[in-house]
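Single-structure report; data block below.
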Amino acid sequence: MPGPVVEMEPVEPQSLKKLSFKSLKRALDLFSPVHGQIAPPDPESKKMRISYKLNLEYGGAGGNESQAPKGKETGAAQDQGQQVAGASNALALPGPEGSRNPPMEKSQNALTVGPSLRPQGLNDVGLHGKGTPIVSASGSSERNFSTSAIMERIPSRWPRPVWHPPWKNYRVISGHLGWVRSIAFDPSNQWFCTGSADRTIKIWDLASGRLKLTLTGHIEQIRGLAVSSKHTYMFSAGDDKQVKCWDLEQNKVIRSYHGHLSGVYCLALHPTIDILLTGGRDSVCRVWDIRSKMQIYALSGHDNTVCSVFARPTDPQVVTGSHDTTIKFWDLRYGKTMTTLTNHKKSVRAMALHPKENCFASASADNIKKFQLPRGEFLHNMLSQQKTIINTMAVNEEGVMATGGDNGSLWFWDWRSGHNFQQAHTIVQPGSLESEAGIYALSYDLTGSRLVSCEADKTIKMWKEDELATPETHPLNFKPPKDIRRF
């Protein structure tokens with residue numbers, strides 16, 4: 001037997017427009033009981049916003065108490081009240097002083113919120129959203145600020161740079177008859193030597209800048225120089241494919257290292273072992289035994305000219321930079337590549353090892369980058385771009401890094417933060433073309449207080465810090481980066 005049929009009550013057909021109006025009326029009844037005017041803000045919310053800002057500024061714990069819900073509600077009403085109180089804190093906005101709106105109590109009861117947990121922020125925002133002027137009863141208007149006014153300002157984690165005095169040129173040395181391409185300092189810090197496109201090596205007194213000696217023997221420009229700290233030897237390399245060892249007691253060549261197939265562009269001495277490293281246009285970094293003149297390794301792996309090299313006492317003991325845009329770490333025991341860094345997009349013409357920290361910087365036309373040793377983790381880019389080919393760079397123990405560009409620009413950087421605190425430009429020697437304003441080599445003396453630059457106008461310029469400069473006369477104009485580029 002089928003059960004009794006239950007007749008459904010007829011449902012009144014309602015149009016979509018009518019339903020929309022109903023929903024809109026319900027929303028207006030809930031959030032704005034007085035339709036004709038925007039409800040005035042709650043003075044308590046303004047006090048709460050001020051105490052919240054004071055709490056952020058001074059780090060006190062007192063502001064937290066004022067934001068805590070007063071009274072003791074139980075059950076679901078208490079949980080709901082806490083959520084609404086959180087919303088009111090986030091939306092507490094400034095506005096004109098005024099009393100509470102009495103009709104708000106009706107919606108307050110509907111939300112079952114205790115008297116201390118009234119949703120203050122909802123009335124403050126109004127129907128027009130943020131940024132709407134609120135007109136008070138007296139007629140004055142006040143800007144309704146966005147919630148960014150009370151958002152916590154997260155301090156930048158970027159390290160603030162140390163103030164360094166600006167550097168100034170105090171001496172110009174003339175004497176070479178061609179571009180000055182390379183420089184090296186004596187371990188006793190009494191003299192330095194420079195190699196030039198006039199095929200000579202000149203030795204200069206550091207204190208007075210006077211010429212002490214001229215050495216001839218190369219038949220092309222000299223691109224690399226190094227002075228041994230353990231022997232009375234100086235090493236030179238040039239475009240004539242030759243690598244020479246000079247005895248400074250006799251002032252003559254005592255050894256030549258043959259093997260490069262093209263010009264030699266860079267040269268470095270190992271700090272603890274008697275080996276010599278040279279890199280050149282044959283895309284190979286060659287490792288030489290100083291005494292026996294034998295080639296220990298040919299470190300091959302680069303696809304283009306090896307134009308920068310430095311050595312360390314611990315692994316990676318050899319680091320090379322190349323025109324193929326890569327930097328390679330080499331294992332000196334096996335003569336193999338340990339790591340290849342591909343962060344640069346242009347030729348890596350210059351690298352500088354920090355004298356104290358386990359990190360180094362590399363320069364390319366796209367950027368100057370800092371890497372951690374021994375693994376080669378990328379740390380950060382320097383915060384400005386020199387926008388030229390960077391031929392050379394040097395860093396001292398105080399954390400001042402100098403980079404020399406092909407256009408004659410000499411920029412000084414704070415090592416830790418990457419802030420560029422000075423942009424100098426070399427002045428060409430009288431009679432030279434403006435296009436000869438190029439810096440090919442930079443080196444600090446052993447104290448780090450004097451910088452020597454070798455330039456395309458055939459001069460050697462010496463730089464030192466300005467003793468009269470103070471943080472007041474040369475303020476630090478530093479803005480931390482908004483985003484840290486990780487490539």
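Please note that chains go A, B, ... in the order of the structure tokens, that every chain numbers its residues from 1, and that ligands are numbered from 1 in the order shown.
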Problem set entry | Residues near A:Phe371, cut-off 7 Å, only C-alpha atoms, skip fewer than 4 positions along chain, as a PyMOL selection string | chain A and resi 359-361+376-379
Write out, as a tab-separated table, each residue of stretch 330-397 of chain A that has an atom at most 10 Å from stretch 435-443 of chain A, together with the closest pair of atoms and their distance in Å to one decimal, counting only C-alpha atoms, rows going by chain and rising number.
```
residue	atom	partner	partner_atom	distance
A:Ala350	CA	A:Ala441	CA	9.5
A:Ile389	CA	A:Gly438	CA	9.8
A:Ile390	CA	A:Ile439	CA	8.5
A:Asn391	CA	A:Tyr440	CA	5.5
A:Thr392	CA	A:Ala441	CA	5.3
A:Met393	CA	A:Leu442	CA	6.1
A:Ala394	CA	A:Ser443	CA	5.8
A:Val395	CA	A:Ser443	CA	8.2
A:Asn396	CA	A:Ser443	CA	9.1
```
For the selection you just gave me, I'd like the residues written to a file as an mmCIF file, in the first residue's frame, keeping N, CA and C atoms.
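Contents of out.cif, freshly written:
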```
data_model
loop_
_atom_site.group_PDB
_atom_site.id
_atom_site.type_symbol
_atom_site.label_atom_id
_atom_site.label_comp_id
_atom_site.auth_asym_id
_atom_site.auth_seq_id
_atom_site.Cartn_x
_atom_site.Cartn_y
_atom_site.Cartn_z
ATOM 1 N N ALA A 350 87.886 40.533 -13.758
ATOM 2 C CA ALA A 350 88.594 40.881 -12.517
ATOM 3 C C ALA A 350 87.981 40.142 -11.346
ATOM 4 N N ILE A 389 82.964 48.145 -18.828
ATOM 5 C CA ILE A 389 83.814 46.960 -18.662
ATOM 6 C C ILE A 389 84.734 47.222 -17.473
ATOM 7 N N ILE A 390 84.697 46.347 -16.486
ATOM 8 C CA ILE A 390 85.537 46.502 -15.289
ATOM 9 C C ILE A 390 86.794 45.659 -15.490
ATOM 10 N N ASN A 391 87.928 46.344 -15.582
ATOM 11 C CA ASN A 391 89.192 45.659 -15.861
ATOM 12 C C ASN A 391 89.870 45.140 -14.605
ATOM 13 N N THR A 392 89.621 45.769 -13.481
ATOM 14 C CA THR A 392 90.413 45.440 -12.294
ATOM 15 C C THR A 392 89.645 45.804 -11.030
ATOM 16 N N MET A 393 89.989 45.130 -9.943
ATOM 17 C CA MET A 393 89.392 45.449 -8.656
ATOM 18 C C MET A 393 90.357 45.070 -7.543
ATOM 19 N N ALA A 394 90.209 45.742 -6.392
ATOM 20 C CA ALA A 394 91.070 45.467 -5.239
ATOM 21 C C ALA A 394 90.275 45.773 -3.984
ATOM 22 N N VAL A 395 90.594 45.078 -2.889
ATOM 23 C CA VAL A 395 89.907 45.299 -1.619
ATOM 24 C C VAL A 395 90.943 45.288 -0.500
ATOM 25 N N ASN A 396 90.762 46.172 0.498
ATOM 26 C CA ASN A 396 91.704 46.209 1.617
ATOM 27 C C ASN A 396 91.057 45.629 2.874
#
```
Problem set entry | Near-A:Met401 list (10 Å; only C-alpha atoms; drop same-chain fewer than 3 positions) as a ChimeraX atom specification | /A:352,354,361,393-398,411-416,418,420,444
Store the residues picked out above, limited to N, CA and C atoms, as a PDB file, in the first residue's frame.
```
ATOM      1  N   ALA A 352      88.707  39.691  -6.823  1.00  0.00           N
ATOM      2  CA  ALA A 352      89.465  40.175  -5.666  1.00  0.00           C
ATOM      3  C   ALA A 352      89.106  39.312  -4.462  1.00  0.00           C
ATOM      4  N   HIS A 354      89.095  38.762  -0.482  1.00  0.00           N
ATOM      5  CA  HIS A 354      89.163  39.595   0.721  1.00  0.00           C
ATOM      6  C   HIS A 354      90.339  39.143   1.581  1.00  0.00           C
ATOM      7  N   ALA A 361      85.099  38.668  -4.473  1.00  0.00           N
ATOM      8  CA  ALA A 361      84.194  39.372  -5.391  1.00  0.00           C
ATOM      9  C   ALA A 361      84.702  39.203  -6.805  1.00  0.00           C
ATOM     10  N   MET A 393      89.989  45.130  -9.943  1.00  0.00           N
ATOM     11  CA  MET A 393      89.392  45.449  -8.656  1.00  0.00           C
ATOM     12  C   MET A 393      90.357  45.070  -7.543  1.00  0.00           C
ATOM     13  N   ALA A 394      90.209  45.742  -6.392  1.00  0.00           N
ATOM     14  CA  ALA A 394      91.070  45.467  -5.239  1.00  0.00           C
ATOM     15  C   ALA A 394      90.275  45.773  -3.984  1.00  0.00           C
ATOM     16  N   VAL A 395      90.594  45.078  -2.889  1.00  0.00           N
ATOM     17  CA  VAL A 395      89.907  45.299  -1.619  1.00  0.00           C
ATOM     18  C   VAL A 395      90.943  45.288  -0.500  1.00  0.00           C
ATOM     19  N   ASN A 396      90.762  46.172   0.498  1.00  0.00           N
ATOM     20  CA  ASN A 396      91.704  46.209   1.617  1.00  0.00           C
ATOM     21  C   ASN A 396      91.057  45.629   2.874  1.00  0.00           C
ATOM     22  N   GLU A 397      91.826  45.597   3.975  1.00  0.00           N
ATOM     23  CA  GLU A 397      91.340  44.957   5.192  1.00  0.00           C
ATOM     24  C   GLU A 397      90.206  45.733   5.838  1.00  0.00           C
ATOM     25  N   GLU A 398      90.103  47.022   5.559  1.00  0.00           N
ATOM     26  CA  GLU A 398      89.032  47.826   6.146  1.00  0.00           C
ATOM     27  C   GLU A 398      87.706  47.657   5.419  1.00  0.00           C
ATOM     28  N   TRP A 411      85.282  53.465  -8.858  1.00  0.00           N
ATOM     29  CA  TRP A 411      84.209  53.436  -7.868  1.00  0.00           C
ATOM     30  C   TRP A 411      84.702  52.757  -6.602  1.00  0.00           C
ATOM     31  N   PHE A 412      84.257  53.286  -5.471  1.00  0.00           N
ATOM     32  CA  PHE A 412      84.623  52.736  -4.166  1.00  0.00           C
ATOM     33  C   PHE A 412      83.365  52.182  -3.496  1.00  0.00           C
ATOM     34  N   TRP A 413      83.514  50.998  -2.906  1.00  0.00           N
ATOM     35  CA  TRP A 413      82.371  50.257  -2.363  1.00  0.00           C
ATOM     36  C   TRP A 413      82.642  49.855  -0.911  1.00  0.00           C
ATOM     37  N   ASP A 414      81.560  49.774  -0.149  1.00  0.00           N
ATOM     38  CA  ASP A 414      81.627  49.154   1.176  1.00  0.00           C
ATOM     39  C   ASP A 414      81.450  47.653   0.983  1.00  0.00           C
ATOM     40  N   TRP A 415      82.433  46.886   1.446  1.00  0.00           N
ATOM     41  CA  TRP A 415      82.461  45.443   1.159  1.00  0.00           C
ATOM     42  C   TRP A 415      81.257  44.729   1.751  1.00  0.00           C
ATOM     43  N   ARG A 416      80.920  45.033   3.006  1.00  0.00           N
ATOM     44  CA  ARG A 416      79.910  44.240   3.712  1.00  0.00           C
ATOM     45  C   ARG A 416      78.517  44.443   3.122  1.00  0.00           C
ATOM     46  N   GLY A 418      77.790  46.258   0.182  1.00  0.00           N
ATOM     47  CA  GLY A 418      77.718  46.432  -1.269  1.00  0.00           C
ATOM     48  C   GLY A 418      77.307  47.827  -1.692  1.00  0.00           C
ATOM     49  N   ASN A 420      77.793  51.584  -2.815  1.00  0.00           N
ATOM     50  CA  ASN A 420      78.773  52.375  -3.564  1.00  0.00           C
ATOM     51  C   ASN A 420      78.812  53.780  -2.953  1.00  0.00           C
ATOM     52  N   TYR A 444      96.156  47.932  -3.723  1.00  0.00           N
ATOM     53  CA  TYR A 444      96.458  48.615  -2.462  1.00  0.00           C
ATOM     54  C   TYR A 444      97.866  48.249  -2.029  1.00  0.00           C
TER      55      TYR A 444
END
```
For this session: Excluding A:Phe478 and residues on its chain fewer than 3 positions from it, collect all residues at most 8 Å away from it, counting only C-alpha atoms, and give them as an MDAnalysis selection string.
Result: chainID A and resid 160:161 419
Using N, CA and C atoms, can you export the residues from the last selection as a tab-separated table (two decimals), in the first residue's frame?
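So the final result, stored in selection_15.tsv, reads:
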```
chain	number	residue	atom	x	y	z
A	160	ARG	N	73.74	47.79	7.33
A	160	ARG	CA	74.00	49.20	7.06
A	160	ARG	C	75.49	49.38	6.82
A	161	PRO	N	75.88	50.12	5.76
A	161	PRO	CA	77.31	50.24	5.45
A	161	PRO	C	78.06	51.05	6.51
A	419	HIS	N	77.38	48.78	-0.75
A	419	HIS	CA	76.98	50.16	-1.05
A	419	HIS	C	78.12	50.90	-1.75
```
For this session: Show which residues sit within 9 Å of stretch 312-327 of chain A, as a ChimeraX atom specification. Count only C-alpha atoms, and ignore same-chain residues fewer than 2 positions away.
Result: /A:270-273,277,279,283,285,302-310,329-332,338-351,353,362,364,373-375
Exercise. What lies within 9 Å of A:Leu213 using only C-alpha atoms, ignoring chain neighbours under 4 positions off, as number ranges by chain?
Worked result: A: 201-204, 251
For this session: Name all residues at most 9 Å from A:Ser262 (count only C-alpha atoms; drop same-chain ones fewer than 4 positions away) and give them as an MDAnalysis selection string.
Result: chainID A and resid 239:242 280:282
Problem set entry | Shortest interatomic distance to A:His425 - which of A:Asn189, A:Gln372, A:Asn169, A:Gln14, counting only C-alpha atoms | A:Asn169
For this session: Taking the chain letters and numbering used in this document, name the residues of stretch 139-358 of chain A that DSSP puts in strand (DSSP E), as JSON, numbers by chain.
Result: {"A": [141, 142, 167, 168, 169, 170, 171, 172, 173, 174, 180, 181, 182, 183, 184, 185, 191, 192, 193, 194, 195, 196, 200, 201, 202, 203, 204, 205, 211, 212, 213, 214, 215, 216, 222, 223, 224, 225, 226, 227, 233, 234, 235, 236, 237, 238, 243, 244, 245, 246, 247, 252, 253, 254, 255, 256, 257, 264, 265, 266, 267, 268, 269, 275, 276, 277, 278, 279, 280, 284, 285, 286, 287, 288, 289, 295, 296, 297, 298, 299, 300, 306, 307, 308, 309, 310, 311, 318, 319, 320, 321, 322, 327, 328, 329, 330, 331, 336, 337, 338, 339, 340, 341, 350, 351, 352, 353]}
Could you save those same residues with C-alpha atoms as a tab-separated table (two decimals), in the first residue's frame?
```tsv
chain	number	residue	atom	x	y	z
A	141	SER	CA	36.70	66.16	7.39
A	142	GLU	CA	39.55	63.81	8.13
A	167	TRP	CA	89.42	58.87	-1.59
A	168	LYS	CA	91.35	61.55	-3.46
A	169	ASN	CA	94.19	61.55	-5.98
A	170	TYR	CA	97.38	62.94	-4.44
A	171	ARG	CA	100.08	61.98	-6.94
A	172	VAL	CA	100.43	61.36	-10.68
A	173	ILE	CA	103.55	59.52	-11.89
A	174	SER	CA	104.62	59.74	-15.53
A	180	VAL	CA	100.30	50.77	-17.92
A	181	ARG	CA	98.80	47.28	-17.70
A	182	SER	CA	99.92	45.63	-14.44
A	183	ILE	CA	101.16	46.34	-10.92
A	184	ALA	CA	102.61	44.44	-7.95
A	185	PHE	CA	103.82	45.52	-4.49
A	191	TRP	CA	108.49	49.89	-3.66
A	192	PHE	CA	106.13	48.69	-6.36
A	193	CYS	CA	106.60	47.60	-9.96
A	194	THR	CA	104.49	48.31	-13.04
A	195	GLY	CA	104.38	46.62	-16.43
A	196	SER	CA	103.48	48.52	-19.56
A	200	THR	CA	109.33	47.57	-19.87
A	201	ILE	CA	108.93	46.92	-16.16
A	202	LYS	CA	109.59	49.94	-13.97
A	203	ILE	CA	110.22	49.87	-10.22
A	204	TRP	CA	109.10	52.92	-8.24
A	205	ASP	CA	109.70	54.13	-4.70
A	211	LEU	CA	111.76	55.79	-10.53
A	212	LYS	CA	114.32	53.34	-9.13
A	213	LEU	CA	114.88	50.87	-11.98
A	214	THR	CA	113.75	49.92	-15.50
A	215	LEU	CA	113.87	46.28	-16.67
A	216	THR	CA	113.67	45.26	-20.33
A	222	ILE	CA	103.34	43.09	-19.88
A	223	ARG	CA	99.96	42.06	-18.49
A	224	GLY	CA	100.86	40.27	-15.27
A	225	LEU	CA	103.29	40.91	-12.39
A	226	ALA	CA	103.90	39.28	-9.00
A	227	VAL	CA	106.61	39.64	-6.35
A	233	TYR	CA	112.09	36.92	-7.26
A	234	MET	CA	109.68	38.87	-9.42
A	235	PHE	CA	107.52	37.20	-12.09
A	236	SER	CA	106.16	38.78	-15.25
A	237	ALA	CA	103.94	37.62	-18.11
A	238	GLY	CA	102.95	39.28	-21.35
A	243	VAL	CA	106.53	34.02	-18.42
A	244	LYS	CA	109.78	35.23	-16.85
A	245	CYS	CA	111.37	34.99	-13.40
A	246	TRP	CA	113.57	37.97	-12.45
A	247	ASP	CA	116.24	37.85	-9.76
A	252	LYS	CA	118.05	40.02	-14.72
A	253	VAL	CA	115.97	37.10	-15.98
A	254	ILE	CA	117.07	33.78	-14.49
A	255	ARG	CA	114.20	31.50	-15.65
A	256	SER	CA	111.61	31.41	-18.42
A	257	TYR	CA	108.52	29.21	-18.41
A	264	VAL	CA	99.43	35.45	-21.07
A	265	TYR	CA	96.84	37.71	-19.44
A	266	CYS	CA	97.10	37.04	-15.71
A	267	LEU	CA	99.57	35.75	-13.18
A	268	ALA	CA	99.47	34.76	-9.48
A	269	LEU	CA	101.74	33.17	-6.89
A	275	ILE	CA	104.24	27.33	-7.63
A	276	LEU	CA	103.20	29.93	-10.18
A	277	LEU	CA	99.81	30.22	-11.92
A	278	THR	CA	99.36	31.83	-15.31
A	279	GLY	CA	96.27	32.17	-17.49
A	280	GLY	CA	95.99	33.33	-21.06
A	284	VAL	CA	94.21	27.27	-20.02
A	285	CYS	CA	95.52	28.06	-16.57
A	286	ARG	CA	99.02	26.61	-16.29
A	287	VAL	CA	100.62	25.63	-12.99
A	288	TRP	CA	104.43	25.92	-12.90
A	289	ASP	CA	107.08	24.72	-10.48
A	295	GLN	CA	104.65	22.65	-15.96
A	296	ILE	CA	102.81	20.73	-13.23
A	297	TYR	CA	99.30	21.02	-14.66
A	298	ALA	CA	97.45	22.57	-17.54
A	299	LEU	CA	94.06	23.34	-15.95
A	300	SER	CA	91.83	23.10	-19.00
A	306	VAL	CA	91.46	33.04	-18.79
A	307	CYS	CA	91.81	36.68	-17.75
A	308	SER	CA	91.87	36.58	-13.93
A	309	VAL	CA	93.30	34.20	-11.36
A	310	PHE	CA	94.10	34.12	-7.64
A	311	ALA	CA	95.44	31.47	-5.27
A	318	VAL	CA	93.13	28.07	-7.48
A	319	VAL	CA	90.21	30.22	-8.72
A	320	THR	CA	90.05	31.42	-12.32
A	321	GLY	CA	87.73	33.80	-14.19
A	322	SER	CA	87.29	33.75	-17.92
A	327	ILE	CA	84.44	31.15	-12.61
A	328	LYS	CA	86.10	27.82	-11.86
A	329	PHE	CA	87.46	26.39	-8.61
A	330	TRP	CA	90.30	23.93	-9.15
A	331	ASP	CA	91.51	20.97	-7.11
A	336	LYS	CA	90.49	18.94	-12.00
A	337	THR	CA	87.58	21.33	-11.70
A	338	MET	CA	85.86	21.36	-8.30
A	339	THR	CA	83.06	23.86	-9.01
A	340	THR	CA	81.93	26.06	-11.88
A	341	LEU	CA	80.04	29.27	-11.10
A	350	ALA	CA	88.59	40.88	-12.52
A	351	MET	CA	88.39	39.12	-9.16
A	352	ALA	CA	89.47	40.18	-5.67
A	353	LEU	CA	89.95	37.95	-2.62
```
